[in-house]
Amino acid sequence: MTAYKPGDPTTINRLYGRSKGKPLRAGQQDLIDTLLPQIAVPTEGEVTAEALFGYDRPLHFEIGFGGGEHMAGRADMLPDHGFIGAEPFINGVAQALVHVAGDHGARLPIGNVRIHHGDALEVLRRIPDGALSFAYLLHPDPWPKARHAKRRMMNDGPLDLIAAKLKPGGEFRFGTDHPIYLQHALMVMRRHRHQFEWLAQDSRDFQVRPGGWPETRYEAKARAHGHEVWYFRYRRTDAK
């Protein structure tokens with residue numbers, strides 16, 4: 001008898017990890033109850049820029065946005081673009097809603113974000129092929145044990161799905177501070193060179209955070225603990 005299941009997140013069809021943590025503060029719960037229903041990704045149908053924002057615009061998708069710092073920062077930089085974020089951890093969703101709502105009055109609310117509380121792959125499958133301009137996977141859970149490698153989002157099934165949804169010339173960005181995940185991700189990406197071109201000329205291109213790449217709280221925490229952080233940018237090629 002074994003608990004091993006072959007495949008990756010596209011074939012296992014279940015989420016691993018926490019779905020909730022500390023009890024939400026009253027203000028966070030209020031945002032979950034009031035703001036989230038207004039900006040939630042619909043549960044059925046195609047997920048398009050027109051359906052979410054009323055007209056066609058460049059579309060970004062972030063897989064597991066954590067506390068939403070990067071998603072909100074990018075959306076604030078690019079108000080004419082549309083941003084979709086998916087996150088199963090309710091505390092992360094609540095924190096992202098704080099950012100979208102304007103960080104307690106520190107700035108104006110962000111109107112070009114839509115959020116899915118749940119499985120990113122479920123939403124990604126409903127996005128038409130070739131519709132995304134950017135896809136992001138930043139500091140995913142590393143699942144460092146070898147027997148848990150199938151749980152990692154950086155795997156062949158998710159990469160094929162991301163490649164299908166990105167338009168030619170679209171960009172996939174990946175970041176991690178975990179050396180085991182780094183080695184695994186580079187191995188996987190080498191198998192997808194027919195779909196992705198690595199946008200790196202020298203080591204600084206993946207050791208220094210690029211401009212227009214807002215820092216996440218996980219990245220800040222990693223640096224505070226003395227961890228090295230790596231940044232990867234890949235361009236979707238024209239090849240299928």
# chains A, B, ... in the order shown; residues from 1 in each chain; ligands from 1

call {"tool": "residues_around", "arguments": {"residues": "Arg204 (chain A)", "least_positions_apart": "4", "cutoff": "10 Å", "atoms": "only C-alpha atoms", "output": "MDAnalysis selection string"}}
result
chainID A and resid 200 208:210 230:231

call {"tool": "write_last_selection", "arguments": {"atoms": "N, CA and C atoms", "output": "mmCIF file, in the first residue's frame"}}
result
data_model
loop_
_atom_site.group_PDB
_atom_site.id
_atom_site.type_symbol
_atom_site.label_atom_id
_atom_site.label_comp_id
_atom_site.auth_asym_id
_atom_site.auth_seq_id
_atom_site.Cartn_x
_atom_site.Cartn_y
_atom_site.Cartn_z
ATOM 1 N N ALA A 200 17.674 35.768 -20.419
ATOM 2 C CA ALA A 200 18.820 36.047 -19.549
ATOM 3 C C ALA A 200 20.082 36.079 -20.395
ATOM 4 N N VAL A 208 19.236 39.534 -9.758
ATOM 5 C CA VAL A 208 18.773 40.867 -9.375
ATOM 6 C C VAL A 208 17.326 41.022 -9.835
ATOM 7 N N ARG A 209 16.467 41.459 -8.925
ATOM 8 C CA ARG A 209 15.053 41.620 -9.268
ATOM 9 C C ARG A 209 14.904 42.657 -10.380
ATOM 10 N N PRO A 210 14.247 42.293 -11.492
ATOM 11 C CA PRO A 210 14.094 43.239 -12.603
ATOM 12 C C PRO A 210 13.206 44.420 -12.222
ATOM 13 N N TRP A 230 16.083 34.163 -6.605
ATOM 14 C CA TRP A 230 16.337 34.072 -8.042
ATOM 15 C C TRP A 230 15.080 34.466 -8.815
ATOM 16 N N TYR A 231 15.289 35.149 -9.939
ATOM 17 C CA TYR A 231 14.209 35.700 -10.755
ATOM 18 C C TYR A 231 14.380 35.211 -12.192
#

call {"tool": "residues_around", "arguments": {"residues": "Phe65 (chain A)", "least_positions_apart": "2", "cutoff": "10 Å", "atoms": "only C-alpha atoms", "output": "list in words"}}
result
Phe61, Glu62, Ile63, Gly67, Gly68, Glu69, His70, Met71, Ala72, Ile84, Gly85, Ala86, Glu87, Pro88, Phe89, Gly92, Val93, Ala96, Ile115, Ala120, Tyr136, Leu137, Leu138, His139, Pro140 and Thr216 of chain A

call {"tool": "residues_around", "arguments": {"residues": "Ala135 (chain A)", "least_positions_apart": "2", "cutoff": "9 Å", "atoms": "only C-alpha atoms", "output": "VMD selection string"}}
result
chain A and resid 59 to 63 132 to 133 137 162 165 to 166 170 to 174

call {"tool": "write_last_selection", "arguments": {"atoms": "N, CA, C and O atoms", "output": "compact mmCIF listing (two decimals), in the first residue's frame"}}
result
# COMPACT_ATOMS: atom_id res chain seq x y z
N LEU A 59 -3.90 40.90 -20.58
CA LEU A 59 -4.37 40.13 -19.43
C LEU A 59 -3.20 39.44 -18.73
O LEU A 59 -2.36 38.82 -19.39
N HIS A 60 -3.16 39.58 -17.40
CA HIS A 60 -2.11 38.98 -16.57
C HIS A 60 -2.76 37.96 -15.63
O HIS A 60 -3.88 38.17 -15.16
N PHE A 61 -2.03 36.89 -15.32
CA PHE A 61 -2.54 35.87 -14.41
C PHE A 61 -1.46 35.49 -13.42
O PHE A 61 -0.35 35.11 -13.82
N GLU A 62 -1.77 35.59 -12.12
CA GLU A 62 -0.81 35.20 -11.08
C GLU A 62 -1.31 33.97 -10.35
O GLU A 62 -2.42 33.95 -9.81
N ILE A 63 -0.46 32.95 -10.33
CA ILE A 63 -0.77 31.67 -9.70
C ILE A 63 -0.29 31.73 -8.25
O ILE A 63 0.91 31.82 -8.00
N LEU A 132 -3.29 35.35 -22.68
CA LEU A 132 -2.52 36.00 -21.63
C LEU A 132 -1.29 36.72 -22.19
O LEU A 132 -0.58 36.20 -23.06
N SER A 133 -1.02 37.89 -21.64
CA SER A 133 0.22 38.60 -21.93
C SER A 133 1.31 38.26 -20.93
O SER A 133 2.50 38.25 -21.26
N LEU A 137 4.44 33.01 -11.43
CA LEU A 137 4.51 31.99 -10.39
C LEU A 137 5.66 32.39 -9.46
O LEU A 137 6.82 32.13 -9.77
N ILE A 162 0.25 26.72 -19.11
CA ILE A 162 0.66 28.13 -19.15
C ILE A 162 1.09 28.51 -20.57
O ILE A 162 0.73 29.57 -21.09
N LYS A 165 -1.86 29.14 -22.82
CA LYS A 165 -2.65 30.33 -22.54
C LYS A 165 -1.90 31.62 -22.87
O LYS A 165 -2.54 32.67 -23.08
N LEU A 166 -0.58 31.58 -22.92
CA LEU A 166 0.19 32.77 -23.27
C LEU A 166 0.18 32.99 -24.78
O LEU A 166 0.31 32.05 -25.56
N GLY A 170 4.33 36.53 -25.22
CA GLY A 170 3.93 36.73 -23.82
C GLY A 170 5.02 36.26 -22.88
O GLY A 170 5.92 35.50 -23.26
N GLU A 171 4.93 36.67 -21.63
CA GLU A 171 6.02 36.43 -20.68
C GLU A 171 5.56 35.62 -19.47
O GLU A 171 4.51 35.90 -18.89
N PHE A 172 6.36 34.62 -19.12
CA PHE A 172 6.17 33.84 -17.91
C PHE A 172 7.28 34.20 -16.93
O PHE A 172 8.46 34.11 -17.27
N ARG A 173 6.90 34.64 -15.73
CA ARG A 173 7.88 35.02 -14.71
C ARG A 173 7.79 34.05 -13.53
O ARG A 173 6.69 33.75 -13.05
N PHE A 174 8.95 33.62 -13.08
CA PHE A 174 9.04 32.67 -11.98
C PHE A 174 10.09 33.16 -10.99
O PHE A 174 11.15 33.64 -11.38

call {"tool": "atom_distance", "arguments": {"atom1": "CA of Ala40 (chain A)", "atom2": "CA of Ile110 (chain A)"}}
result
13.9 Å

call {"tool": "residues_around", "arguments": {"residues": "Ala149 (chain A)", "least_positions_apart": "6", "cutoff": "9 Å", "atoms": "only C-alpha atoms", "output": "count of residues only"}}
result
5

call {"tool": "closest_residue", "arguments": {"among": "A:His99, A:Arg191, A:Arg57, A:Arg223", "to": "Phe134 (chain A)", "atoms": "only C-alpha atoms"}}
result
A:Arg57

call {"tool": "atom_distance", "arguments": {"atom1": "CA of Val100 (chain A)", "atom2": "CA of Gly73 (chain A)"}}
result
9.4 Å

call {"tool": "select_by_dssp", "arguments": {"residues": "region 59-189 of chain A", "states": "strand (DSSP E)", "output": "VMD selection string"}}
result
chain A and resid 59 to 63 82 to 87 113 to 117 132 to 138 166 to 176

call {"tool": "write_last_selection", "arguments": {"atoms": "N, CA and C atoms", "output": "tab-separated table (two decimals), in the first residue's frame"}}
result
chain	number	residue	atom	x	y	z
A	59	LEU	N	-3.90	40.90	-20.58
A	59	LEU	CA	-4.37	40.13	-19.43
A	59	LEU	C	-3.20	39.44	-18.73
A	60	HIS	N	-3.16	39.58	-17.40
A	60	HIS	CA	-2.11	38.98	-16.57
A	60	HIS	C	-2.76	37.96	-15.63
A	61	PHE	N	-2.03	36.89	-15.32
A	61	PHE	CA	-2.54	35.87	-14.41
A	61	PHE	C	-1.46	35.49	-13.42
A	62	GLU	N	-1.77	35.59	-12.12
A	62	GLU	CA	-0.81	35.20	-11.08
A	62	GLU	C	-1.31	33.97	-10.35
A	63	ILE	N	-0.46	32.95	-10.33
A	63	ILE	CA	-0.77	31.67	-9.70
A	63	ILE	C	-0.29	31.73	-8.25
A	82	GLY	N	-5.47	44.16	-17.35
A	82	GLY	CA	-6.33	43.43	-16.43
A	82	GLY	C	-5.54	42.34	-15.71
A	83	PHE	N	-5.78	42.19	-14.42
A	83	PHE	CA	-5.03	41.24	-13.59
A	83	PHE	C	-5.98	40.24	-12.93
A	84	ILE	N	-5.64	38.97	-13.05
A	84	ILE	CA	-6.36	37.89	-12.39
A	84	ILE	C	-5.39	37.23	-11.43
A	85	GLY	N	-5.82	37.02	-10.21
A	85	GLY	CA	-5.01	36.31	-9.24
A	85	GLY	C	-5.80	35.19	-8.60
A	86	ALA	N	-5.14	34.05	-8.37
A	86	ALA	CA	-5.78	32.91	-7.71
A	86	ALA	C	-4.96	32.51	-6.51
A	87	GLU	N	-5.64	32.25	-5.40
A	87	GLU	CA	-4.96	31.91	-4.14
A	87	GLU	C	-5.91	31.09	-3.28
A	113	VAL	N	-8.28	44.50	-10.95
A	113	VAL	CA	-7.90	43.20	-10.38
A	113	VAL	C	-9.16	42.36	-10.18
A	114	ARG	N	-9.05	41.07	-10.53
A	114	ARG	CA	-10.09	40.10	-10.24
A	114	ARG	C	-9.44	38.93	-9.51
A	115	ILE	N	-10.14	38.37	-8.52
A	115	ILE	CA	-9.55	37.38	-7.62
A	115	ILE	C	-10.37	36.10	-7.62
A	116	HIS	N	-9.65	34.98	-7.61
A	116	HIS	CA	-10.28	33.68	-7.42
A	116	HIS	C	-9.73	33.06	-6.15
A	117	HIS	N	-10.61	32.79	-5.20
A	117	HIS	CA	-10.21	32.10	-3.98
A	117	HIS	C	-10.34	30.60	-4.23
A	132	LEU	N	-3.29	35.35	-22.68
A	132	LEU	CA	-2.52	36.00	-21.63
A	132	LEU	C	-1.29	36.72	-22.19
A	133	SER	N	-1.02	37.89	-21.64
A	133	SER	CA	0.22	38.60	-21.93
A	133	SER	C	1.31	38.26	-20.93
A	134	PHE	N	0.92	37.99	-19.68
A	134	PHE	CA	1.86	37.64	-18.62
A	134	PHE	C	1.27	36.54	-17.75
A	135	ALA	N	2.12	35.64	-17.28
A	135	ALA	CA	1.77	34.68	-16.24
A	135	ALA	C	2.87	34.72	-15.19
A	136	TYR	N	2.48	34.61	-13.91
A	136	TYR	CA	3.44	34.73	-12.81
A	136	TYR	C	3.30	33.54	-11.86
A	137	LEU	N	4.44	33.01	-11.43
A	137	LEU	CA	4.51	31.99	-10.39
A	137	LEU	C	5.66	32.39	-9.46
A	138	LEU	N	5.33	33.03	-8.36
A	138	LEU	CA	6.34	33.65	-7.50
A	138	LEU	C	6.35	32.99	-6.13
A	166	LEU	N	-0.58	31.58	-22.92
A	166	LEU	CA	0.19	32.77	-23.27
A	166	LEU	C	0.18	32.99	-24.78
A	167	LYS	N	0.05	34.25	-25.18
A	167	LYS	CA	0.18	34.58	-26.59
A	167	LYS	C	1.65	34.52	-26.99
A	168	PRO	N	1.98	34.29	-28.26
A	168	PRO	CA	3.38	34.35	-28.68
A	168	PRO	C	3.99	35.70	-28.31
A	169	GLY	N	5.14	35.67	-27.67
A	169	GLY	CA	5.76	36.88	-27.17
A	169	GLY	C	5.35	37.22	-25.75
A	170	GLY	N	4.33	36.53	-25.22
A	170	GLY	CA	3.93	36.73	-23.82
A	170	GLY	C	5.02	36.26	-22.88
A	171	GLU	N	4.93	36.67	-21.63
A	171	GLU	CA	6.02	36.43	-20.68
A	171	GLU	C	5.56	35.62	-19.47
A	172	PHE	N	6.36	34.62	-19.12
A	172	PHE	CA	6.17	33.84	-17.91
A	172	PHE	C	7.28	34.20	-16.93
A	173	ARG	N	6.90	34.64	-15.73
A	173	ARG	CA	7.88	35.02	-14.71
A	173	ARG	C	7.79	34.05	-13.53
A	174	PHE	N	8.95	33.62	-13.08
A	174	PHE	CA	9.04	32.67	-11.98
A	174	PHE	C	10.09	33.16	-10.99
A	175	GLY	N	9.79	33.06	-9.70
A	175	GLY	CA	10.75	33.45	-8.67
A	175	GLY	C	10.74	32.48	-7.51
A	176	THR	N	11.91	32.24	-6.92
A	176	THR	CA	12.01	31.37	-5.76
A	176	THR	C	13.26	31.71	-4.96

call {"tool": "closest_residue", "arguments": {"among": "A:Gly64, A:Pro179, A:Pro23, A:Gly7", "to": "Arg147 (chain A)", "atoms": "only C-alpha atoms"}}
result
A:Gly7

call {"tool": "select_by_dssp", "arguments": {"residues": "region 12-239 of chain A", "states": "helix (DSSP H, G or I)", "output": "MDAnalysis selection string"}}
result
chainID A and resid 12 26:39 49:53 69:77 90:100 120:126 146:151 156:165 179:190 204:207 217:224

call {"tool": "residues_around", "arguments": {"residues": "region 197-199 of chain A", "least_positions_apart": "3", "cutoff": "6 Å", "atoms": "only C-alpha atoms", "output": "number ranges by chain"}}
result
A: 233-235

call {"tool": "atom_distance", "arguments": {"atom1": "CA of Pro128 (chain A)", "atom2": "CA of Ile39 (chain A)"}}
result
19.8 Å
